[in-house]
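Below is one structure, written out as structure tokens; comments come after it.
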Amino acid sequence: MERITLLFCLLVTTTALSQEAPFGLVIHGGAGTILRSNLDEQKETAIRETLNRALDAGWVILHNGGNSTEAAIAAVKILEDSPFFNAGKGAVYTNTETHELDASIMEGKTLQAGAVSGVTNVKNPIELARLVMTDSPHVMLSGEGAESFAKEKKLELVPNDYFNTDYRYQQLQKAKEKSKKVSRKADPGLEKFGTVGAVVLDKHGNLTAATSTGGTTNKRYGRVGDSPIIGAGTYANNQSCAVSATGHGEYFIRYVVAYDICARMLYREETLEEAADYVVSTTLKEAGGSGGVIAIDVSGNVAMPFNTKGMYRGYRIGADDPVVGIYSED
Ligand code: ASP
């Protein structure tokens, strides 16, 4: 009898050990008119290398048992520090040739969240968003107040021209030129969205979503998009999923995209893929809102739908190799 109990215990233990808790992350570096013909080989290789580096940074933390927020921050910071994406260094220009940055983060276990909008001197806005979540009683801080909080928290500050890149400057000039020709309502700064984000599942079953952006090229009047809006550009709930968005922010705000995907899973019992696909390929597409999302659920399922030509994206789940894509055929 005792031998049978012992055997049973051994069997349970080995099964538990072989079924390691799922973990992993998904990242994006923006959706838009990204065509093979527009990207030279050298730049494409460098972009793929940066996406892989961001995936690795988050994955190592998760592999070692670290939490989803640490992994999300590590991945997003690499993308913010890269000049290739519209977040941190390489952020797009406003109409007055400056940079105004937005970011947000949310934890699925507690529904705690932090966001900043219109910051101009914080090197890594995602770090500031995290501090709003952990060290303040608020969810969202903006402009000068957010900068004061960053100073108080001794975050790394940089002059606004640290974010300059020649590529984005040319993009602004083209957008300004084009805006002379198109109607006031059409926005010529809305073809490429280089916002960055990460959605993460750790071994403890917790989700985090994080998003960081420079907004849209040629934006005016303190325009704020979806990226720092909890529910629109970023959302996480352990009961459903974690989502980070990129695209024409005005639509993502009006259709509460990130929350809608999580809600469809909860209320309609859709799978992650069904919910994300429906919102991006039907709801947004029919409304005329271009862009995409990355999403992950507590079982480690991944979705990365977009309704544009391409989206910089990648994922690395458990022991599997990382996967990186740019174009729709990747
Ligand atoms: N969603 C961002 C915004 O509207 C832009 C982007 O995805 O690049 O501010």
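Just remember, in the structure tokens the first chain shown is A, the second B, etc., residues are 1-based per chain, and ligands are 1-based in the order shown.
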Counting only C-alpha atoms, what is within 6 Å of stretch 105-114 of chain A, bar same-chain residues fewer than 4 positions away, as a list in words?
Ala129, Arg130, Val132, Met133, Val139, Met140, Asn206, Leu207, Thr208, Ala209, Ala210, Ala236, Asn237 and Asn238 of chain A
Using only C-alpha atoms and all ligand atoms, which residues of the polymer chains come no farther than 6 Å from ligand 1? I'd like the answer as JSON, numbers by chain.
{"A": [30, 193, 194, 195, 215, 216, 225, 226, 227, 246, 247, 248, 249]}
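Computed from the coordinates, the atom CA of A:Glu44 to atom CA of A:Thr234 distance equals 26.9 Å.
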Taking the backbone alone, and naming residues the way the document does, which bits of stretch 29-217 of chain A are alpha helix (DSSP H) by DSSP, as a ChimeraX atom specification?
/A:41-63,68-81,125-135,143-152,166-181
Could you give me, as a PyMOL selection string, the residues within 9 Å of A:Val243, counting only C-alpha atoms and dropping anything in the same chain fewer than 6 positions from it?
chain A and resi 197-199+208-210+231+233-236+257-259+261-262+276+293-296
For atom CA of A:Asp102 and atom CA of A:His138, quote the distance in Å rounded to one decimal.
15.8 Å
Find the residues around stretch 19-26 of chain A up to 6 Å (only C-alpha atoms counted), leave out those fewer than 3 positions away in its own chain, and share them as a list in words.
Ala16, Ala198, Val199, Val200, Leu201, Asp202, Lys203, Gly300, Gly314, Tyr315, Arg316, Ile317 and Gly318 of chain A
Serialized selection, N, CA, C and O atoms, as a PDB file, in the first residue's frame:
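Ended up saving to result_22.pdb:
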ATOM      1  N   ALA A  16       4.181  17.491 -12.550  1.00  0.00           N
ATOM      2  CA  ALA A  16       4.165  18.927 -12.253  1.00  0.00           C
ATOM      3  C   ALA A  16       5.441  19.589 -12.750  1.00  0.00           C
ATOM      4  O   ALA A  16       5.426  20.671 -13.316  1.00  0.00           O
ATOM      5  N   ALA A 198       4.900  46.105 -25.192  1.00  0.00           N
ATOM      6  CA  ALA A 198       5.165  44.713 -24.792  1.00  0.00           C
ATOM      7  C   ALA A 198       3.996  44.203 -23.972  1.00  0.00           C
ATOM      8  O   ALA A 198       3.408  44.955 -23.182  1.00  0.00           O
ATOM      9  N   VAL A 199       3.638  42.952 -24.196  1.00  0.00           N
ATOM     10  CA  VAL A 199       2.653  42.291 -23.332  1.00  0.00           C
ATOM     11  C   VAL A 199       3.300  41.010 -22.832  1.00  0.00           C
ATOM     12  O   VAL A 199       3.942  40.281 -23.604  1.00  0.00           O
ATOM     13  N   VAL A 200       3.162  40.764 -21.533  1.00  0.00           N
ATOM     14  CA  VAL A 200       3.996  39.752 -20.890  1.00  0.00           C
ATOM     15  C   VAL A 200       3.196  38.856 -19.953  1.00  0.00           C
ATOM     16  O   VAL A 200       2.314  39.332 -19.230  1.00  0.00           O
ATOM     17  N   LEU A 201       3.553  37.568 -19.965  1.00  0.00           N
ATOM     18  CA  LEU A 201       3.014  36.601 -18.991  1.00  0.00           C
ATOM     19  C   LEU A 201       4.195  36.022 -18.224  1.00  0.00           C
ATOM     20  O   LEU A 201       5.130  35.481 -18.832  1.00  0.00           O
ATOM     21  N   ASP A 202       4.177  36.130 -16.890  1.00  0.00           N
ATOM     22  CA  ASP A 202       5.290  35.536 -16.133  1.00  0.00           C
ATOM     23  C   ASP A 202       4.911  34.156 -15.577  1.00  0.00           C
ATOM     24  O   ASP A 202       3.756  33.717 -15.703  1.00  0.00           O
ATOM     25  N   LYS A 203       5.891  33.483 -14.976  1.00  0.00           N
ATOM     26  CA  LYS A 203       5.666  32.111 -14.495  1.00  0.00           C
ATOM     27  C   LYS A 203       4.682  32.051 -13.338  1.00  0.00           C
ATOM     28  O   LYS A 203       4.199  30.987 -12.985  1.00  0.00           O
ATOM     29  N   GLY A 300      -0.585  31.647 -22.261  1.00  0.00           N
ATOM     30  CA  GLY A 300       0.555  31.861 -23.157  1.00  0.00           C
ATOM     31  C   GLY A 300       0.163  31.874 -24.622  1.00  0.00           C
ATOM     32  O   GLY A 300       1.019  31.809 -25.508  1.00  0.00           O
ATOM     33  N   GLY A 314       7.180  40.682 -32.592  1.00  0.00           N
ATOM     34  CA  GLY A 314       7.911  39.463 -32.258  1.00  0.00           C
ATOM     35  C   GLY A 314       7.382  38.852 -30.982  1.00  0.00           C
ATOM     36  O   GLY A 314       6.687  39.517 -30.208  1.00  0.00           O
ATOM     37  N   TYR A 315       7.669  37.576 -30.796  1.00  0.00           N
ATOM     38  CA  TYR A 315       7.280  36.927 -29.550  1.00  0.00           C
ATOM     39  C   TYR A 315       8.268  35.828 -29.192  1.00  0.00           C
ATOM     40  O   TYR A 315       8.967  35.296 -30.062  1.00  0.00           O
ATOM     41  N   ARG A 316       8.327  35.532 -27.913  1.00  0.00           N
ATOM     42  CA  ARG A 316       9.154  34.407 -27.457  1.00  0.00           C
ATOM     43  C   ARG A 316       8.436  33.759 -26.281  1.00  0.00           C
ATOM     44  O   ARG A 316       8.239  34.382 -25.235  1.00  0.00           O
ATOM     45  N   ILE A 317       8.007  32.536 -26.492  1.00  0.00           N
ATOM     46  CA  ILE A 317       7.190  31.834 -25.499  1.00  0.00           C
ATOM     47  C   ILE A 317       7.926  30.592 -24.988  1.00  0.00           C
ATOM     48  O   ILE A 317       8.370  29.757 -25.786  1.00  0.00           O
ATOM     49  N   GLY A 318       8.031  30.468 -23.666  1.00  0.00           N
ATOM     50  CA  GLY A 318       8.645  29.302 -23.024  1.00  0.00           C
ATOM     51  C   GLY A 318       9.989  28.955 -23.636  1.00  0.00           C
ATOM     52  O   GLY A 318      10.831  29.827 -23.862  1.00  0.00           O
TER      53      GLY A 318
END
Could you please write out, as an MDAnalysis selection string, every residue of stretch 156-322 of chain A that DSSP assigns to strand (DSSP E or B)?
chainID A and resid 157 192 196:201 207:213 219 230 234:236 241:247 291:297 302:303 306 310:317
Store the residues picked out above, limited to N, CA and C atoms, as a short mmCIF file (atom, residue, chain, number, x, y, z; two decimals), in the first residue's frame.
data_model
loop_
_atom_site.label_atom_id
_atom_site.label_comp_id
_atom_site.auth_asym_id
_atom_site.auth_seq_id
_atom_site.Cartn_x
_atom_site.Cartn_y
_atom_site.Cartn_z
N LEU A 157 17.00 62.46 -17.05
CA LEU A 157 16.40 63.48 -17.90
C LEU A 157 17.37 63.82 -19.02
N LYS A 192 2.60 55.87 -40.88
CA LYS A 192 3.48 54.92 -40.19
C LYS A 192 3.36 55.17 -38.71
N VAL A 196 5.88 51.68 -29.60
CA VAL A 196 6.39 50.38 -29.16
C VAL A 196 5.57 49.86 -27.99
N GLY A 197 5.61 48.54 -27.80
CA GLY A 197 4.86 47.98 -26.68
C GLY A 197 5.28 46.56 -26.38
N ALA A 198 4.90 46.11 -25.19
CA ALA A 198 5.16 44.71 -24.79
C ALA A 198 4.00 44.20 -23.97
N VAL A 199 3.64 42.95 -24.20
CA VAL A 199 2.65 42.29 -23.33
C VAL A 199 3.30 41.01 -22.83
N VAL A 200 3.16 40.76 -21.53
CA VAL A 200 4.00 39.75 -20.89
C VAL A 200 3.20 38.86 -19.95
N LEU A 201 3.55 37.57 -19.96
CA LEU A 201 3.01 36.60 -18.99
C LEU A 201 4.20 36.02 -18.22
N LEU A 207 -0.02 38.98 -15.78
CA LEU A 207 0.12 39.69 -17.05
C LEU A 207 0.48 41.15 -16.82
N THR A 208 1.25 41.73 -17.76
CA THR A 208 1.50 43.18 -17.79
C THR A 208 1.45 43.64 -19.24
N ALA A 209 0.87 44.83 -19.46
CA ALA A 209 0.90 45.46 -20.79
C ALA A 209 1.58 46.81 -20.66
N ALA A 210 2.42 47.16 -21.63
CA ALA A 210 3.14 48.45 -21.60
C ALA A 210 3.23 49.02 -23.01
N THR A 211 3.09 50.35 -23.12
CA THR A 211 3.13 51.01 -24.43
C THR A 211 3.86 52.34 -24.29
N SER A 212 4.66 52.71 -25.31
CA SER A 212 5.37 53.99 -25.27
C SER A 212 5.43 54.58 -26.67
N THR A 213 5.27 55.92 -26.79
CA THR A 213 5.19 56.53 -28.12
C THR A 213 5.58 58.00 -28.14
N LYS A 219 1.80 66.50 -34.94
CA LYS A 219 0.66 66.71 -34.03
C LYS A 219 0.73 68.13 -33.44
N ILE A 230 -5.44 54.17 -20.60
CA ILE A 230 -5.72 52.82 -20.13
C ILE A 230 -7.08 52.39 -20.70
N THR A 234 -3.59 50.44 -24.03
CA THR A 234 -2.97 49.49 -23.09
C THR A 234 -4.03 48.94 -22.14
N TYR A 235 -4.02 47.62 -21.92
CA TYR A 235 -4.91 47.07 -20.90
C TYR A 235 -4.40 45.69 -20.49
N ALA A 236 -4.56 45.35 -19.21
CA ALA A 236 -4.19 44.01 -18.74
C ALA A 236 -5.11 43.59 -17.62
N CYS A 241 -6.73 39.03 -20.66
CA CYS A 241 -5.50 39.12 -21.44
C CYS A 241 -4.78 40.45 -21.20
N ALA A 242 -3.63 40.61 -21.89
CA ALA A 242 -2.90 41.88 -21.87
C ALA A 242 -2.76 42.33 -23.32
N VAL A 243 -3.00 43.64 -23.56
CA VAL A 243 -3.00 44.16 -24.93
C VAL A 243 -2.20 45.47 -24.99
N SER A 244 -1.40 45.63 -26.07
CA SER A 244 -0.77 46.92 -26.37
C SER A 244 -1.04 47.22 -27.84
N ALA A 245 -1.42 48.47 -28.12
CA ALA A 245 -1.86 48.82 -29.48
C ALA A 245 -0.91 49.78 -30.18
N THR A 246 -1.05 49.81 -31.49
CA THR A 246 -0.37 50.82 -32.32
C THR A 246 -1.26 51.15 -33.50
N GLY A 247 -1.35 52.43 -33.83
CA GLY A 247 -2.18 52.80 -34.97
C GLY A 247 -2.75 54.20 -34.80
N GLY A 291 -4.16 50.12 -37.99
CA GLY A 291 -3.20 49.78 -36.93
C GLY A 291 -3.25 48.32 -36.57
N GLY A 292 -2.75 48.00 -35.40
CA GLY A 292 -2.72 46.62 -34.95
C GLY A 292 -2.53 46.53 -33.45
N VAL A 293 -2.54 45.30 -32.94
CA VAL A 293 -2.33 45.09 -31.51
C VAL A 293 -1.45 43.85 -31.31
N ILE A 294 -0.85 43.78 -30.13
CA ILE A 294 -0.25 42.52 -29.68
C ILE A 294 -1.00 42.13 -28.41
N ALA A 295 -1.18 40.81 -28.22
CA ALA A 295 -1.93 40.37 -27.05
C ALA A 295 -1.43 39.01 -26.59
N ILE A 296 -1.55 38.78 -25.28
CA ILE A 296 -1.18 37.47 -24.70
C ILE A 296 -2.19 37.14 -23.60
N ASP A 297 -2.46 35.84 -23.39
CA ASP A 297 -3.37 35.49 -22.29
C ASP A 297 -2.63 34.63 -21.25
N VAL A 302 -0.89 33.73 -28.05
CA VAL A 302 -0.42 35.01 -28.58
C VAL A 302 -1.27 35.42 -29.76
N ALA A 303 -1.58 36.73 -29.89
CA ALA A 303 -2.23 37.24 -31.11
C ALA A 303 -1.55 38.54 -31.50
N PHE A 306 -3.03 42.88 -37.46
CA PHE A 306 -2.93 44.27 -37.90
C PHE A 306 -3.66 44.41 -39.22
N GLY A 310 2.11 46.34 -42.71
CA GLY A 310 3.07 45.63 -41.87
C GLY A 310 2.99 46.05 -40.42
N MET A 311 3.68 45.32 -39.59
CA MET A 311 3.82 45.71 -38.18
C MET A 311 5.12 45.08 -37.66
N TYR A 312 5.99 45.90 -37.09
CA TYR A 312 7.19 45.37 -36.45
C TYR A 312 6.73 44.60 -35.22
N ARG A 313 7.11 43.33 -35.13
CA ARG A 313 6.55 42.53 -34.05
C ARG A 313 7.41 41.31 -33.73
N GLY A 314 7.18 40.68 -32.59
CA GLY A 314 7.91 39.46 -32.26
C GLY A 314 7.38 38.85 -30.98
N TYR A 315 7.67 37.58 -30.80
CA TYR A 315 7.28 36.93 -29.55
C TYR A 315 8.27 35.83 -29.19
N ARG A 316 8.33 35.53 -27.91
CA ARG A 316 9.15 34.41 -27.46
C ARG A 316 8.44 33.76 -26.28
N ILE A 317 8.01 32.54 -26.49
CA ILE A 317 7.19 31.83 -25.50
C ILE A 317 7.93 30.59 -24.99
#
